[in-house]
Structure formats: C-alpha cells, structure tokens
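For reference, the structure is listed below as structure tokens.
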Amino acid sequence: MDFLRPADLAEALAVKAQRPDAVPIAGGTDVMVELNFDHRRPAALLDLTGVAELAEWSTSDNSVRLGAAVPYSRVITELGEPLPALAMASRTVGSPQIRNRGTVGGNLGAASPAGDTHPVLLALGALVEVASVRGTRVLPAEEFYLGVKRNALEPDELITAVHLPAHAGPQQFAKVGTRNAMVIAVCSFSLNLRPAQRQVGAAIGSAAPTPRRAREAEEFLTAELPWDAPAPLADSLKRRFGELVAAATAPIDDVRGSADYRKHALAVLARRTLTWAWDEHRGSERTCA
C-alpha cells in the first residue's frame with residue numbers, strides 16, 4: 001500500500017488525478033477501522049493532514065465555509081454560536097480522542113446512513129464543495145448521498161468544504177443509541193426553524209439507505225406553525241409532525257434496533273426537538289418585544 005502525503009491542496013488534487021484509487025484520510029476514524037478489520041485494502045492512502053487549506057473555516061455573507069478537515073472538537077469550541085445544531089451533533093461523536101481527529105468532511109466521504117452530522121447538513125440546506133484539477137463544483141447535501149456508503153464524488157475529486165448558513169434560527173439535533181456515549185446512532189434527527197423566512201428543515205439519519213429530509217413533515221410545519229403569534233404548540237400538531245417524520249423513514253432491523261423501534265423513536269425525537277426549537281423561538285420573541 002502506497003502512502004501519499006501532499007503538502008497543499010493543489011498537490012493533493014494533482015495526486016488524486018494521477019491516483020484516483022487513493023483513499024483520502026484525514027482523521028482516519030472510519031478508514032482505519034476498515035483497514036484494521038481488513039474490510040478494505042486500498043492500493044494507496046492519500047494523507048490530507050498536511051493540507052492546511054482544508055483545516056480552516058471562514059464566514060462571509062452570513063454563511064460559514066467549513067473546511068473538510070476541521071475536527072469536531074473545533075466545531076464544538078469555535079462554531080457553537082453560528083452553527084448550534086452542528087456543534088450538538090459533534091458532541092455526540094465518539095470519544096474526545098475521536099472528536100479531536102474526526103471531521104465533517106470525513107463523515108461526508110464515508111456516507112454512512114448513521115453519520116451524526118448528516119441530518120444537520122440536510123436540515124440546514126448545506127452545500128458540499130468538491131474539487132479536482134478540472135475545477136470546483138458545489139452540490140446540495142441531499143444530492144451528495146447516493147446509497148449506503150456511496151457518494152457523488154468523481155474518482156478524481158476531494159471534498160474541500162461545506163457551506164452552511166450562520167445563525168439560521170432555532171435548531172436542534174438528537175439521536176438515540178444503545179448507550180449514552182461512544183455509540184453509533186440507532187436513529188437521529190435534526191430540525192431547523194427559520195421564522196423570518198417561514199421555512200422548516202427536518203432530516204433523519206440511520207433510518208433509511210441514506211440520510212434524508214422529511215419533506216412532508218417540513219411542509220406540514222411550514223403551513224401550520226403560528227409564525228405571527230408564537231403561542232405554545234398544541235399536542236396534536238406535535239404528534240402529527242412526529243407521525244410525518246416517522247413516515248419519511250425506510251428503516252431496517254439490525255443488531256442496534258428494529259425498524260419499528262426506529263420509527264417510534266424518530267416520532268418522539270421529532271416532537272421533542274420541535275418543542276425545544278419552538279420554545280427557543282418564543283423566548284427570542286419575548287426578548288425582542
């Protein structure tokens with residue numbers, strides 16, 4: 001196995017063009033597990049830890065450009081205010097050691113249905129920036145996931161960044177696991193409310209072949225939320241929202257949980273996160289009044 005270590009992004013893209021079989025590795029939290037269990041034996045590894053451009057983030061026009069190799073620990077400490085749901089999801093990833101190494105870009109590249117950050121990216125309407133020697137393109141996160149551990153990258157492309165709206169309104173992330181830490185999600189859910197635009201983003205993880213948005217649930221909330229007079233929400237509204245979220249799933253039975261349990265759990269997560277996000281909105285309205 002060849003070990004390739006470019007010094008900057010231009011060199012990394014050139015190497016990837018010459019060696020499309022090279023597997024990118026930054027945090028290595030997914031790749032090394034596959035190597036250790038002999039589930040994967042690539043011809044080459046492309047080490048991106050020396051590419052400084054991928055480990056930077058910036059803000060402009062009220063959006064955040066998050067470099068693909070920024071670790072979860074920095075998302076938590078540096079981006080909790082503009083990207084609260086992403087920070088919430090990052091806190092649930094593995095152990096402190098994993099959070100110091102793992103990255104949102106790596107989560108995207110692995111494209112596991114259970115990846116913790118995927119529902120947040122979908123709920124926020126994130127854009128994935130990918131590059132090659134041929135140029136750069138940007139695609140919506142929901143177009144990036146093609147199947148179980150399959151993504152939309154061309155063989156010569158690398159994920160370079162994720163673009164997310166900053167301060168996009170009340171947002172939440174929640175997941176269910178078989179224990180409280182160091183666990184792969186049985187299911188997960190993220191919600192984003194944008195009262196100024198009267199928009200709702202809702203997305204599920206680990207309950208379908210790919211992470212996916214719950215579009216009917218989004219449309220229901222958009223039409224039914226009392227945007228102009230944010231009163232407490234009726235239990236019937238929350239319950240219907242949970243039902244629509246559960247209906248958006250296509251789960252399987254596996255060692256972590258049954259399909260029926262995943263549907264039930266997601267309905268509960270949807271109701272809870274809606275309550276928390278709406279309470280946050282109501283609190284901000286009272287503060288501004």
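FYI, nothing fancy with the structure tokens labels: chains A, B, ... in order, residues from 1 per chain, ligands from 1 as they appear.
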Using the chain letters and numbers from this document, which residues of stretch 40-211 of chain A does DSSP assign to strand (DSSP E or B), as a compact mmCIF listing (two decimals) with all heavy atoms, in the first residue's frame?
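part-v2.txt written:
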```txt
# COMPACT_ATOMS: atom_id res chain seq x y z
N ALA A 44 -3.61 2.68 -2.24
CA ALA A 44 -2.88 3.83 -1.71
C ALA A 44 -3.77 4.62 -0.74
O ALA A 44 -5.00 4.62 -0.86
CB ALA A 44 -2.43 4.74 -2.84
N LEU A 45 -3.11 5.27 0.22
CA LEU A 45 -3.78 6.22 1.11
C LEU A 45 -3.28 7.62 0.79
O LEU A 45 -2.06 7.83 0.61
CB LEU A 45 -3.49 5.90 2.57
CG LEU A 45 -4.14 4.64 3.16
CD1 LEU A 45 -3.67 4.46 4.61
CD2 LEU A 45 -5.65 4.72 3.10
N LEU A 46 -4.21 8.57 0.72
CA LEU A 46 -3.86 9.96 0.46
C LEU A 46 -4.04 10.75 1.75
O LEU A 46 -5.15 11.10 2.15
CB LEU A 46 -4.77 10.52 -0.65
CG LEU A 46 -4.57 11.97 -1.06
CD1 LEU A 46 -3.14 12.22 -1.55
CD2 LEU A 46 -5.58 12.37 -2.14
N ASP A 47 -2.93 11.00 2.44
CA ASP A 47 -2.96 11.66 3.74
C ASP A 47 -3.15 13.17 3.55
O ASP A 47 -2.30 13.84 2.96
CB ASP A 47 -1.64 11.38 4.46
CG ASP A 47 -1.56 12.06 5.81
OD1 ASP A 47 -2.60 12.52 6.31
OD2 ASP A 47 -0.45 12.13 6.37
N TRP A 57 -11.74 27.49 8.59
CA TRP A 57 -13.13 27.88 8.36
C TRP A 57 -13.19 29.40 8.31
O TRP A 57 -12.33 30.10 8.84
CB TRP A 57 -14.07 27.33 9.43
CG TRP A 57 -13.85 27.84 10.83
CD1 TRP A 57 -13.07 27.28 11.79
CD2 TRP A 57 -14.43 29.00 11.41
NE1 TRP A 57 -13.12 28.02 12.95
CE2 TRP A 57 -13.96 29.08 12.74
CE3 TRP A 57 -15.32 29.98 10.95
CZ2 TRP A 57 -14.33 30.11 13.61
CZ3 TRP A 57 -15.69 31.00 11.81
CH2 TRP A 57 -15.19 31.06 13.13
N SER A 58 -14.23 29.91 7.64
CA SER A 58 -14.38 31.36 7.50
C SER A 58 -15.87 31.69 7.37
O SER A 58 -16.70 30.82 7.11
CB SER A 58 -13.62 31.87 6.26
OG SER A 58 -14.13 31.24 5.09
N THR A 59 -16.19 32.97 7.58
CA THR A 59 -17.56 33.43 7.44
C THR A 59 -17.62 34.56 6.43
O THR A 59 -16.70 35.38 6.33
CB THR A 59 -18.13 33.93 8.78
OG1 THR A 59 -17.31 35.00 9.27
CG2 THR A 59 -18.17 32.81 9.80
N SER A 60 -18.72 34.61 5.67
CA SER A 60 -18.98 35.71 4.74
C SER A 60 -20.44 35.65 4.34
O SER A 60 -21.01 34.56 4.19
CB SER A 60 -18.08 35.62 3.50
OG SER A 60 -18.38 34.46 2.75
N SER A 63 -22.81 33.28 6.12
CA SER A 63 -22.67 31.83 5.93
C SER A 63 -21.29 31.40 6.41
O SER A 63 -20.37 32.22 6.52
CB SER A 63 -22.87 31.43 4.47
OG SER A 63 -21.82 31.92 3.66
N VAL A 64 -21.15 30.14 6.72
CA VAL A 64 -19.88 29.58 7.18
C VAL A 64 -19.36 28.62 6.12
O VAL A 64 -20.10 27.74 5.65
CB VAL A 64 -20.06 28.83 8.52
CG1 VAL A 64 -18.75 28.14 8.93
CG2 VAL A 64 -20.51 29.78 9.61
N ARG A 65 -18.11 28.80 5.76
CA ARG A 65 -17.42 27.83 4.91
C ARG A 65 -16.52 27.00 5.82
O ARG A 65 -15.52 27.49 6.34
CB ARG A 65 -16.59 28.50 3.82
CG ARG A 65 -15.88 27.51 2.88
CD ARG A 65 -14.95 28.22 1.91
NE ARG A 65 -14.33 27.27 0.98
CZ ARG A 65 -13.23 26.56 1.23
NH1 ARG A 65 -12.62 26.70 2.41
NH2 ARG A 65 -12.74 25.73 0.34
N LEU A 66 -16.91 25.75 6.01
CA LEU A 66 -16.21 24.86 6.94
C LEU A 66 -15.30 23.93 6.16
O LEU A 66 -15.76 23.09 5.38
CB LEU A 66 -17.23 24.05 7.74
CG LEU A 66 -16.68 23.04 8.75
CD1 LEU A 66 -15.98 23.76 9.89
CD2 LEU A 66 -17.80 22.16 9.26
N GLY A 67 -13.98 24.08 6.36
CA GLY A 67 -13.04 23.21 5.68
C GLY A 67 -13.27 21.75 6.02
O GLY A 67 -13.64 21.41 7.15
N PRO A 71 -11.68 19.50 12.64
CA PRO A 71 -12.17 18.41 13.50
C PRO A 71 -13.40 18.82 14.31
O PRO A 71 -13.68 20.00 14.52
CB PRO A 71 -10.98 18.13 14.43
CG PRO A 71 -10.23 19.41 14.47
CD PRO A 71 -10.39 20.03 13.11
N THR A 103 -13.77 14.42 11.33
CA THR A 103 -14.13 15.65 10.63
C THR A 103 -15.48 15.50 9.93
O THR A 103 -15.91 14.39 9.60
CB THR A 103 -13.08 16.00 9.56
OG1 THR A 103 -13.10 15.00 8.53
CG2 THR A 103 -11.68 16.08 10.17
N LEU A 127 -24.39 23.05 1.49
CA LEU A 127 -23.82 22.80 0.17
C LEU A 127 -22.45 22.16 0.36
O LEU A 127 -21.67 22.59 1.21
CB LEU A 127 -23.68 24.10 -0.63
CG LEU A 127 -24.97 24.87 -0.89
CD1 LEU A 127 -24.65 26.22 -1.55
CD2 LEU A 127 -25.91 24.07 -1.77
N VAL A 128 -22.16 21.14 -0.43
CA VAL A 128 -20.89 20.42 -0.36
C VAL A 128 -20.00 20.90 -1.51
O VAL A 128 -20.39 20.80 -2.68
CB VAL A 128 -21.09 18.90 -0.43
CG1 VAL A 128 -19.75 18.18 -0.29
CG2 VAL A 128 -22.06 18.44 0.66
N GLU A 129 -18.84 21.39 -1.16
CA GLU A 129 -17.87 21.87 -2.15
C GLU A 129 -16.85 20.77 -2.42
O GLU A 129 -16.22 20.26 -1.49
CB GLU A 129 -17.16 23.11 -1.62
CG GLU A 129 -16.07 23.67 -2.53
CD GLU A 129 -15.28 24.77 -1.84
OE1 GLU A 129 -15.92 25.75 -1.36
OE2 GLU A 129 -14.04 24.64 -1.74
N VAL A 130 -16.72 20.39 -3.68
CA VAL A 130 -15.75 19.36 -4.06
C VAL A 130 -14.87 19.92 -5.17
O VAL A 130 -15.28 20.80 -5.93
CB VAL A 130 -16.44 18.06 -4.53
CG1 VAL A 130 -17.34 17.52 -3.43
CG2 VAL A 130 -17.24 18.28 -5.80
N ALA A 131 -13.64 19.41 -5.26
CA ALA A 131 -12.68 19.97 -6.21
C ALA A 131 -11.84 18.87 -6.83
O ALA A 131 -11.65 17.78 -6.27
CB ALA A 131 -11.78 20.99 -5.51
N SER A 132 -11.33 19.18 -8.00
CA SER A 132 -10.37 18.33 -8.72
C SER A 132 -9.50 19.26 -9.55
O SER A 132 -9.69 20.49 -9.54
CB SER A 132 -11.11 17.33 -9.61
OG SER A 132 -11.72 18.00 -10.70
N GLY A 135 -11.46 21.60 -11.71
CA GLY A 135 -12.19 22.73 -11.18
C GLY A 135 -12.96 22.37 -9.93
O GLY A 135 -12.84 21.27 -9.38
N THR A 136 -13.79 23.32 -9.49
CA THR A 136 -14.58 23.16 -8.26
C THR A 136 -16.06 23.16 -8.61
O THR A 136 -16.50 23.89 -9.49
CB THR A 136 -14.28 24.31 -7.29
OG1 THR A 136 -12.89 24.30 -6.95
CG2 THR A 136 -15.10 24.19 -6.01
N ARG A 137 -16.82 22.33 -7.93
CA ARG A 137 -18.27 22.36 -8.07
C ARG A 137 -18.90 22.27 -6.69
O ARG A 137 -18.29 21.78 -5.73
CB ARG A 137 -18.78 21.23 -8.98
CG ARG A 137 -18.54 19.82 -8.47
CD ARG A 137 -18.90 18.79 -9.54
NE ARG A 137 -18.67 17.42 -9.06
CZ ARG A 137 -19.64 16.56 -8.77
NH1 ARG A 137 -20.91 16.92 -8.93
NH2 ARG A 137 -19.35 15.35 -8.35
N VAL A 138 -20.13 22.76 -6.60
CA VAL A 138 -20.87 22.79 -5.34
C VAL A 138 -22.21 22.11 -5.57
O VAL A 138 -22.91 22.42 -6.54
CB VAL A 138 -21.07 24.24 -4.85
CG1 VAL A 138 -21.92 24.26 -3.59
CG2 VAL A 138 -19.73 24.91 -4.59
N LEU A 139 -22.58 21.18 -4.70
CA LEU A 139 -23.85 20.50 -4.84
C LEU A 139 -24.57 20.44 -3.50
O LEU A 139 -23.94 20.38 -2.45
CB LEU A 139 -23.67 19.10 -5.41
CG LEU A 139 -22.86 18.06 -4.67
CD1 LEU A 139 -23.22 16.66 -5.15
CD2 LEU A 139 -21.36 18.26 -4.89
N PRO A 140 -25.90 20.46 -3.53
CA PRO A 140 -26.67 20.36 -2.29
C PRO A 140 -26.36 19.06 -1.57
O PRO A 140 -26.15 18.02 -2.19
CB PRO A 140 -28.12 20.40 -2.76
CG PRO A 140 -28.07 21.05 -4.11
CD PRO A 140 -26.77 20.63 -4.70
N TYR A 145 -25.61 12.17 -1.21
CA TYR A 145 -25.76 10.79 -0.73
C TYR A 145 -26.47 9.96 -1.80
O TYR A 145 -27.63 10.22 -2.15
CB TYR A 145 -26.57 10.77 0.56
CG TYR A 145 -26.08 11.74 1.61
CD1 TYR A 145 -26.79 12.92 1.88
CD2 TYR A 145 -24.92 11.49 2.32
CE1 TYR A 145 -26.34 13.81 2.83
CE2 TYR A 145 -24.47 12.37 3.28
CZ TYR A 145 -25.17 13.54 3.53
OH TYR A 145 -24.73 14.42 4.49
N LEU A 146 -25.79 8.95 -2.31
CA LEU A 146 -26.35 8.13 -3.39
C LEU A 146 -26.83 6.77 -2.92
O LEU A 146 -27.62 6.12 -3.59
CB LEU A 146 -25.31 7.94 -4.49
CG LEU A 146 -24.78 9.21 -5.16
CD1 LEU A 146 -23.83 8.85 -6.29
CD2 LEU A 146 -25.92 10.09 -5.67
N GLY A 147 -26.36 6.30 -1.79
CA GLY A 147 -26.73 4.99 -1.27
C GLY A 147 -25.91 4.69 -0.03
O GLY A 147 -25.17 5.56 0.47
N ARG A 150 -22.21 5.33 -0.30
CA ARG A 150 -21.94 5.77 -1.66
C ARG A 150 -22.23 7.26 -1.77
O ARG A 150 -23.27 7.72 -1.28
CB ARG A 150 -22.80 4.99 -2.67
CG ARG A 150 -22.45 3.52 -2.78
CD ARG A 150 -23.44 2.80 -3.68
NE ARG A 150 -23.69 3.53 -4.90
CZ ARG A 150 -24.91 3.92 -5.32
NH1 ARG A 150 -25.98 3.66 -4.59
NH2 ARG A 150 -25.05 4.58 -6.45
N ASN A 151 -21.31 7.99 -2.38
CA ASN A 151 -21.50 9.43 -2.52
C ASN A 151 -21.29 9.87 -3.96
O ASN A 151 -20.97 9.06 -4.83
CB ASN A 151 -20.55 10.19 -1.58
CG ASN A 151 -19.08 9.91 -1.87
OD1 ASN A 151 -18.63 10.00 -3.01
ND2 ASN A 151 -18.32 9.57 -0.83
N LEU A 158 -11.98 15.54 -4.45
CA LEU A 158 -11.88 15.57 -2.99
C LEU A 158 -12.92 16.53 -2.44
O LEU A 158 -13.22 17.56 -3.07
CB LEU A 158 -10.49 16.03 -2.54
CG LEU A 158 -9.29 15.13 -2.87
CD1 LEU A 158 -7.99 15.85 -2.48
CD2 LEU A 158 -9.40 13.80 -2.15
N ILE A 159 -13.46 16.22 -1.27
CA ILE A 159 -14.31 17.17 -0.56
C ILE A 159 -13.41 18.25 0.03
O ILE A 159 -12.45 17.95 0.73
CB ILE A 159 -15.09 16.48 0.56
CG1 ILE A 159 -15.96 15.36 -0.01
CG2 ILE A 159 -15.95 17.48 1.33
CD1 ILE A 159 -16.51 14.43 1.07
N THR A 160 -13.71 19.50 -0.27
CA THR A 160 -12.87 20.59 0.24
C THR A 160 -13.54 21.40 1.35
O THR A 160 -12.86 21.92 2.23
CB THR A 160 -12.46 21.54 -0.90
OG1 THR A 160 -13.61 21.89 -1.68
CG2 THR A 160 -11.44 20.86 -1.82
N ALA A 161 -14.87 21.51 1.31
CA ALA A 161 -15.54 22.33 2.34
C ALA A 161 -17.03 22.05 2.32
O ALA A 161 -17.57 21.44 1.39
CB ALA A 161 -15.29 23.82 2.08
N VAL A 162 -17.69 22.53 3.38
CA VAL A 162 -19.14 22.52 3.47
C VAL A 162 -19.59 23.95 3.75
O VAL A 162 -19.01 24.63 4.60
CB VAL A 162 -19.64 21.59 4.59
CG1 VAL A 162 -21.16 21.58 4.65
CG2 VAL A 162 -19.11 20.18 4.39
N HIS A 163 -20.60 24.40 3.03
CA HIS A 163 -21.14 25.74 3.23
C HIS A 163 -22.47 25.65 3.96
O HIS A 163 -23.39 24.94 3.50
CB HIS A 163 -21.34 26.43 1.87
CG HIS A 163 -20.07 26.64 1.10
ND1 HIS A 163 -19.41 27.85 1.05
CD2 HIS A 163 -19.33 25.77 0.36
CE1 HIS A 163 -18.32 27.73 0.29
NE2 HIS A 163 -18.25 26.48 -0.14
N LEU A 164 -22.59 26.36 5.08
CA LEU A 164 -23.80 26.33 5.90
C LEU A 164 -24.23 27.74 6.27
O LEU A 164 -23.38 28.62 6.46
CB LEU A 164 -23.58 25.53 7.18
CG LEU A 164 -23.06 24.11 7.03
CD1 LEU A 164 -21.62 24.02 7.52
CD2 LEU A 164 -23.93 23.14 7.81
N PRO A 165 -25.54 27.97 6.40
CA PRO A 165 -25.99 29.29 6.85
C PRO A 165 -25.64 29.51 8.31
O PRO A 165 -25.80 28.61 9.14
CB PRO A 165 -27.51 29.23 6.64
CG PRO A 165 -27.84 27.77 6.75
CD PRO A 165 -26.67 27.05 6.17
N GLN A 171 -32.50 25.65 16.17
CA GLN A 171 -32.17 24.35 15.57
C GLN A 171 -31.79 23.37 16.66
O GLN A 171 -31.31 23.75 17.72
CB GLN A 171 -31.04 24.50 14.54
CG GLN A 171 -29.83 25.27 15.02
CD GLN A 171 -28.93 25.73 13.89
OE1 GLN A 171 -27.96 25.06 13.55
NE2 GLN A 171 -29.25 26.89 13.31
N GLN A 172 -32.02 22.10 16.34
CA GLN A 172 -31.78 21.04 17.31
C GLN A 172 -31.23 19.81 16.60
O GLN A 172 -31.42 19.60 15.41
CB GLN A 172 -33.08 20.65 18.02
CG GLN A 172 -33.62 21.69 18.98
CD GLN A 172 -32.80 21.81 20.24
OE1 GLN A 172 -32.17 20.83 20.69
NE2 GLN A 172 -32.80 22.99 20.85
N PHE A 173 -30.54 18.97 17.39
CA PHE A 173 -30.11 17.65 16.94
C PHE A 173 -30.30 16.69 18.10
O PHE A 173 -30.01 17.04 19.25
CB PHE A 173 -28.64 17.64 16.52
CG PHE A 173 -28.12 16.25 16.26
CD1 PHE A 173 -28.32 15.62 15.05
CD2 PHE A 173 -27.43 15.56 17.26
CE1 PHE A 173 -27.87 14.34 14.82
CE2 PHE A 173 -26.97 14.27 17.04
CZ PHE A 173 -27.19 13.66 15.81
N ALA A 174 -30.79 15.50 17.81
CA ALA A 174 -30.94 14.49 18.86
C ALA A 174 -30.75 13.12 18.23
O ALA A 174 -31.05 12.91 17.05
CB ALA A 174 -32.32 14.58 19.51
N LYS A 175 -30.22 12.20 19.01
CA LYS A 175 -30.06 10.84 18.50
C LYS A 175 -30.33 9.83 19.61
O LYS A 175 -30.25 10.15 20.79
CB LYS A 175 -28.68 10.63 17.89
CG LYS A 175 -27.55 10.29 18.84
CD LYS A 175 -26.27 10.02 18.04
CE LYS A 175 -25.15 9.51 18.93
NZ LYS A 175 -23.90 9.27 18.19
N VAL A 176 -30.65 8.62 19.19
CA VAL A 176 -30.85 7.50 20.10
C VAL A 176 -29.74 6.50 19.87
O VAL A 176 -29.41 6.18 18.71
CB VAL A 176 -32.22 6.83 19.86
CG1 VAL A 176 -32.34 5.55 20.67
CG2 VAL A 176 -33.35 7.78 20.20
N CYS A 187 -30.91 5.86 15.55
CA CYS A 187 -31.55 6.81 14.65
C CYS A 187 -31.21 8.21 15.15
O CYS A 187 -30.79 8.39 16.29
CB CYS A 187 -33.07 6.60 14.60
SG CYS A 187 -33.89 6.78 16.19
N SER A 188 -31.36 9.19 14.28
CA SER A 188 -31.04 10.57 14.66
C SER A 188 -31.94 11.52 13.88
O SER A 188 -32.52 11.15 12.85
CB SER A 188 -29.57 10.89 14.41
OG SER A 188 -29.23 10.70 13.04
N PHE A 189 -32.02 12.76 14.37
CA PHE A 189 -32.94 13.72 13.78
C PHE A 189 -32.42 15.13 14.01
O PHE A 189 -31.85 15.43 15.06
CB PHE A 189 -34.33 13.58 14.41
CG PHE A 189 -35.36 14.52 13.83
CD1 PHE A 189 -35.87 14.31 12.57
CD2 PHE A 189 -35.80 15.61 14.56
CE1 PHE A 189 -36.81 15.17 12.02
CE2 PHE A 189 -36.74 16.48 14.03
CZ PHE A 189 -37.25 16.25 12.76
N SER A 190 -32.62 15.99 13.02
CA SER A 190 -32.25 17.39 13.16
C SER A 190 -33.37 18.28 12.64
O SER A 190 -34.06 17.93 11.67
CB SER A 190 -30.96 17.71 12.41
OG SER A 190 -30.55 19.05 12.66
N LEU A 191 -33.57 19.40 13.31
CA LEU A 191 -34.64 20.34 12.96
C LEU A 191 -34.08 21.75 12.92
O LEU A 191 -33.30 22.14 13.79
CB LEU A 191 -35.76 20.25 14.00
CG LEU A 191 -36.94 21.21 13.83
CD1 LEU A 191 -37.74 20.86 12.58
CD2 LEU A 191 -37.84 21.17 15.07
N ASN A 192 -34.51 22.53 11.93
CA ASN A 192 -34.14 23.93 11.82
C ASN A 192 -35.39 24.74 11.51
O ASN A 192 -36.11 24.45 10.55
CB ASN A 192 -33.10 24.12 10.72
CG ASN A 192 -32.73 25.58 10.47
OD1 ASN A 192 -32.48 25.97 9.34
ND2 ASN A 192 -32.69 26.39 11.50
N LEU A 193 -35.67 25.74 12.34
CA LEU A 193 -36.78 26.67 12.10
C LEU A 193 -36.22 28.02 11.68
O LEU A 193 -35.33 28.55 12.35
CB LEU A 193 -37.62 26.84 13.37
CG LEU A 193 -38.21 25.60 14.02
CD1 LEU A 193 -39.02 25.99 15.25
CD2 LEU A 193 -39.07 24.82 13.04
N ARG A 194 -36.75 28.56 10.59
CA ARG A 194 -36.34 29.89 10.13
C ARG A 194 -37.57 30.78 10.10
O ARG A 194 -38.21 30.94 9.06
CB ARG A 194 -35.69 29.81 8.76
CG ARG A 194 -34.45 28.93 8.72
CD ARG A 194 -33.70 29.12 7.43
NE ARG A 194 -32.70 28.10 7.24
CZ ARG A 194 -31.83 28.09 6.24
NH1 ARG A 194 -31.86 29.04 5.33
NH2 ARG A 194 -30.95 27.12 6.13
N GLN A 199 -39.60 29.02 7.01
CA GLN A 199 -39.09 27.78 6.44
C GLN A 199 -38.75 26.80 7.54
O GLN A 199 -38.38 27.20 8.66
CB GLN A 199 -37.84 28.05 5.59
CG GLN A 199 -38.09 28.87 4.34
CD GLN A 199 -36.81 29.15 3.57
OE1 GLN A 199 -35.70 28.97 4.09
NE2 GLN A 199 -36.95 29.62 2.35
N VAL A 200 -38.85 25.53 7.22
CA VAL A 200 -38.53 24.46 8.16
C VAL A 200 -37.63 23.45 7.46
O VAL A 200 -37.87 23.08 6.31
CB VAL A 200 -39.81 23.74 8.64
CG1 VAL A 200 -39.46 22.54 9.52
CG2 VAL A 200 -40.72 24.71 9.40
N GLY A 201 -36.58 23.02 8.15
CA GLY A 201 -35.74 21.93 7.67
C GLY A 201 -35.79 20.80 8.67
O GLY A 201 -35.62 21.01 9.87
N ALA A 202 -36.07 19.59 8.20
CA ALA A 202 -36.15 18.42 9.08
C ALA A 202 -35.53 17.24 8.36
O ALA A 202 -35.84 16.98 7.20
CB ALA A 202 -37.60 18.11 9.44
N ALA A 203 -34.64 16.52 9.06
CA ALA A 203 -33.93 15.43 8.39
C ALA A 203 -33.63 14.30 9.37
O ALA A 203 -33.44 14.53 10.56
CB ALA A 203 -32.62 15.93 7.77
N ILE A 204 -33.58 13.10 8.83
CA ILE A 204 -33.38 11.89 9.63
C ILE A 204 -32.06 11.22 9.27
O ILE A 204 -31.54 11.38 8.17
CB ILE A 204 -34.53 10.88 9.42
CG1 ILE A 204 -34.60 10.46 7.95
CG2 ILE A 204 -35.85 11.48 9.89
CD1 ILE A 204 -35.57 9.34 7.67
N GLY A 205 -31.53 10.47 10.22
CA GLY A 205 -30.34 9.67 9.98
C GLY A 205 -30.52 8.27 10.53
O GLY A 205 -31.32 8.04 11.45
```
Review point. So which bits of stretch 46-256 of chain A end up alpha helix (DSSP H) when you DSSP the backbone, as a PyMOL selection string?
Key: chain A and resi 72-78+84-91+96-101+104-110+118-124+141-144+215-224+235-247
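Pairwise distance (atom CA of A:Ala214, atom CA of A:Pro251) equals 13.6 Å.
The residue set within 9 Å of A:Pro195, counting only C-alpha atoms and dropping same-chain residues fewer than 4 places from it, reads A:Gly169, A:Pro170, A:Gln199, A:Val200, A:Trp227, A:Asp228, A:His281.
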Would you write out those residues with N, CA and C atoms, as a PDB file, in the first residue's frame?
```pdb
ATOM      1  N   GLY A 169     -31.469  30.417  12.781  1.00  0.00           N
ATOM      2  CA  GLY A 169     -32.690  30.255  13.553  1.00  0.00           C
ATOM      3  C   GLY A 169     -32.601  29.095  14.515  1.00  0.00           C
ATOM      4  N   PRO A 170     -33.642  28.865  15.309  1.00  0.00           N
ATOM      5  CA  PRO A 170     -33.638  27.773  16.274  1.00  0.00           C
ATOM      6  C   PRO A 170     -33.376  26.435  15.588  1.00  0.00           C
ATOM      7  N   GLN A 199     -39.602  29.021   7.008  1.00  0.00           N
ATOM      8  CA  GLN A 199     -39.088  27.784   6.436  1.00  0.00           C
ATOM      9  C   GLN A 199     -38.751  26.798   7.543  1.00  0.00           C
ATOM     10  N   VAL A 200     -38.846  25.528   7.220  1.00  0.00           N
ATOM     11  CA  VAL A 200     -38.532  24.461   8.160  1.00  0.00           C
ATOM     12  C   VAL A 200     -37.630  23.452   7.465  1.00  0.00           C
ATOM     13  N   TRP A 227     -46.593  31.305  13.045  1.00  0.00           N
ATOM     14  CA  TRP A 227     -45.420  32.166  12.917  1.00  0.00           C
ATOM     15  C   TRP A 227     -45.686  33.579  13.449  1.00  0.00           C
ATOM     16  N   ASP A 228     -46.861  34.141  13.178  1.00  0.00           N
ATOM     17  CA  ASP A 228     -47.140  35.530  13.538  1.00  0.00           C
ATOM     18  C   ASP A 228     -47.417  35.717  15.024  1.00  0.00           C
ATOM     19  N   HIS A 281     -37.617  29.882  19.972  1.00  0.00           N
ATOM     20  CA  HIS A 281     -38.175  30.962  19.151  1.00  0.00           C
ATOM     21  C   HIS A 281     -39.068  31.872  19.966  1.00  0.00           C
TER      22      HIS A 281
END
```
Point to revise | Contacts of stretch 48-50 of chain A within 12 Å, only C-alpha atoms, excl. fewer than 2 positions in-chain, as number ranges by chain | key: A: 3-13, 15-16, 22-28, 45-46, 52-55, 67-71, 101-103, 105-106, 158-160
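Closest approach to A:Arg256 among A:Pro226, A:Gly283, A:Pro232, A:Ala114 is made by A:Ala114 (distances from only C-alpha atoms).
Comparing the minimum interatomic distances between A:Val148 and each of A:Arg198, A:Glu81, A:Thr222, A:Ala110, counting only C-alpha atoms, we find that A:Ala110 sits nearest.
The interatomic distance for the pair atom CA of A:Thr92 and atom CA of A:Asn36 works out to 23.5 Å.
The nearest approach to A:Ala85 among the residues A:Thr249, A:Asn62, A:Ser236, A:Thr273, with only C-alpha atoms taken into account, belongs to A:Thr273.
Going from atom CA of A:Lys238 to atom CA of A:His264 covers 13.8 Å.
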Check your understanding: Taking only C-alpha atoms into account, which of A:Arg134, A:His167, A:His39, A:Arg19 comes nearest A:Leu86?
Key -> A:His167
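If you count only C-alpha atoms and ignore residues fewer than 6 places along the chain from A:Ala270, what sits within 7 Å of it is A:Phe189, A:Phe241, A:Gly242, A:Val245.
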Go ahead and write the residues just picked, all heavy atoms, as a compact mmCIF listing (two decimals), in the first residue's frame.
```
# COMPACT_ATOMS: atom_id res chain seq x y z
N PHE A 189 -32.02 12.76 14.37
CA PHE A 189 -32.94 13.72 13.78
C PHE A 189 -32.42 15.13 14.01
O PHE A 189 -31.85 15.43 15.06
CB PHE A 189 -34.33 13.58 14.41
CG PHE A 189 -35.36 14.52 13.83
CD1 PHE A 189 -35.87 14.31 12.57
CD2 PHE A 189 -35.80 15.61 14.56
CE1 PHE A 189 -36.81 15.17 12.02
CE2 PHE A 189 -36.74 16.48 14.03
CZ PHE A 189 -37.25 16.25 12.76
N PHE A 241 -46.68 16.01 13.44
CA PHE A 241 -45.32 16.20 12.92
C PHE A 241 -44.49 14.95 13.13
O PHE A 241 -43.79 14.48 12.22
CB PHE A 241 -44.67 17.40 13.62
CG PHE A 241 -43.24 17.64 13.21
CD1 PHE A 241 -42.90 17.93 11.90
CD2 PHE A 241 -42.21 17.59 14.17
CE1 PHE A 241 -41.58 18.15 11.54
CE2 PHE A 241 -40.90 17.81 13.81
CZ PHE A 241 -40.58 18.09 12.50
N GLY A 242 -44.57 14.37 14.32
CA GLY A 242 -43.84 13.13 14.59
C GLY A 242 -44.26 12.00 13.67
O GLY A 242 -43.43 11.22 13.19
N VAL A 245 -42.67 12.57 10.26
CA VAL A 245 -41.25 12.25 10.29
C VAL A 245 -41.05 10.73 10.22
O VAL A 245 -40.23 10.22 9.45
CB VAL A 245 -40.58 12.84 11.54
CG1 VAL A 245 -39.17 12.26 11.74
CG2 VAL A 245 -40.50 14.36 11.44
```
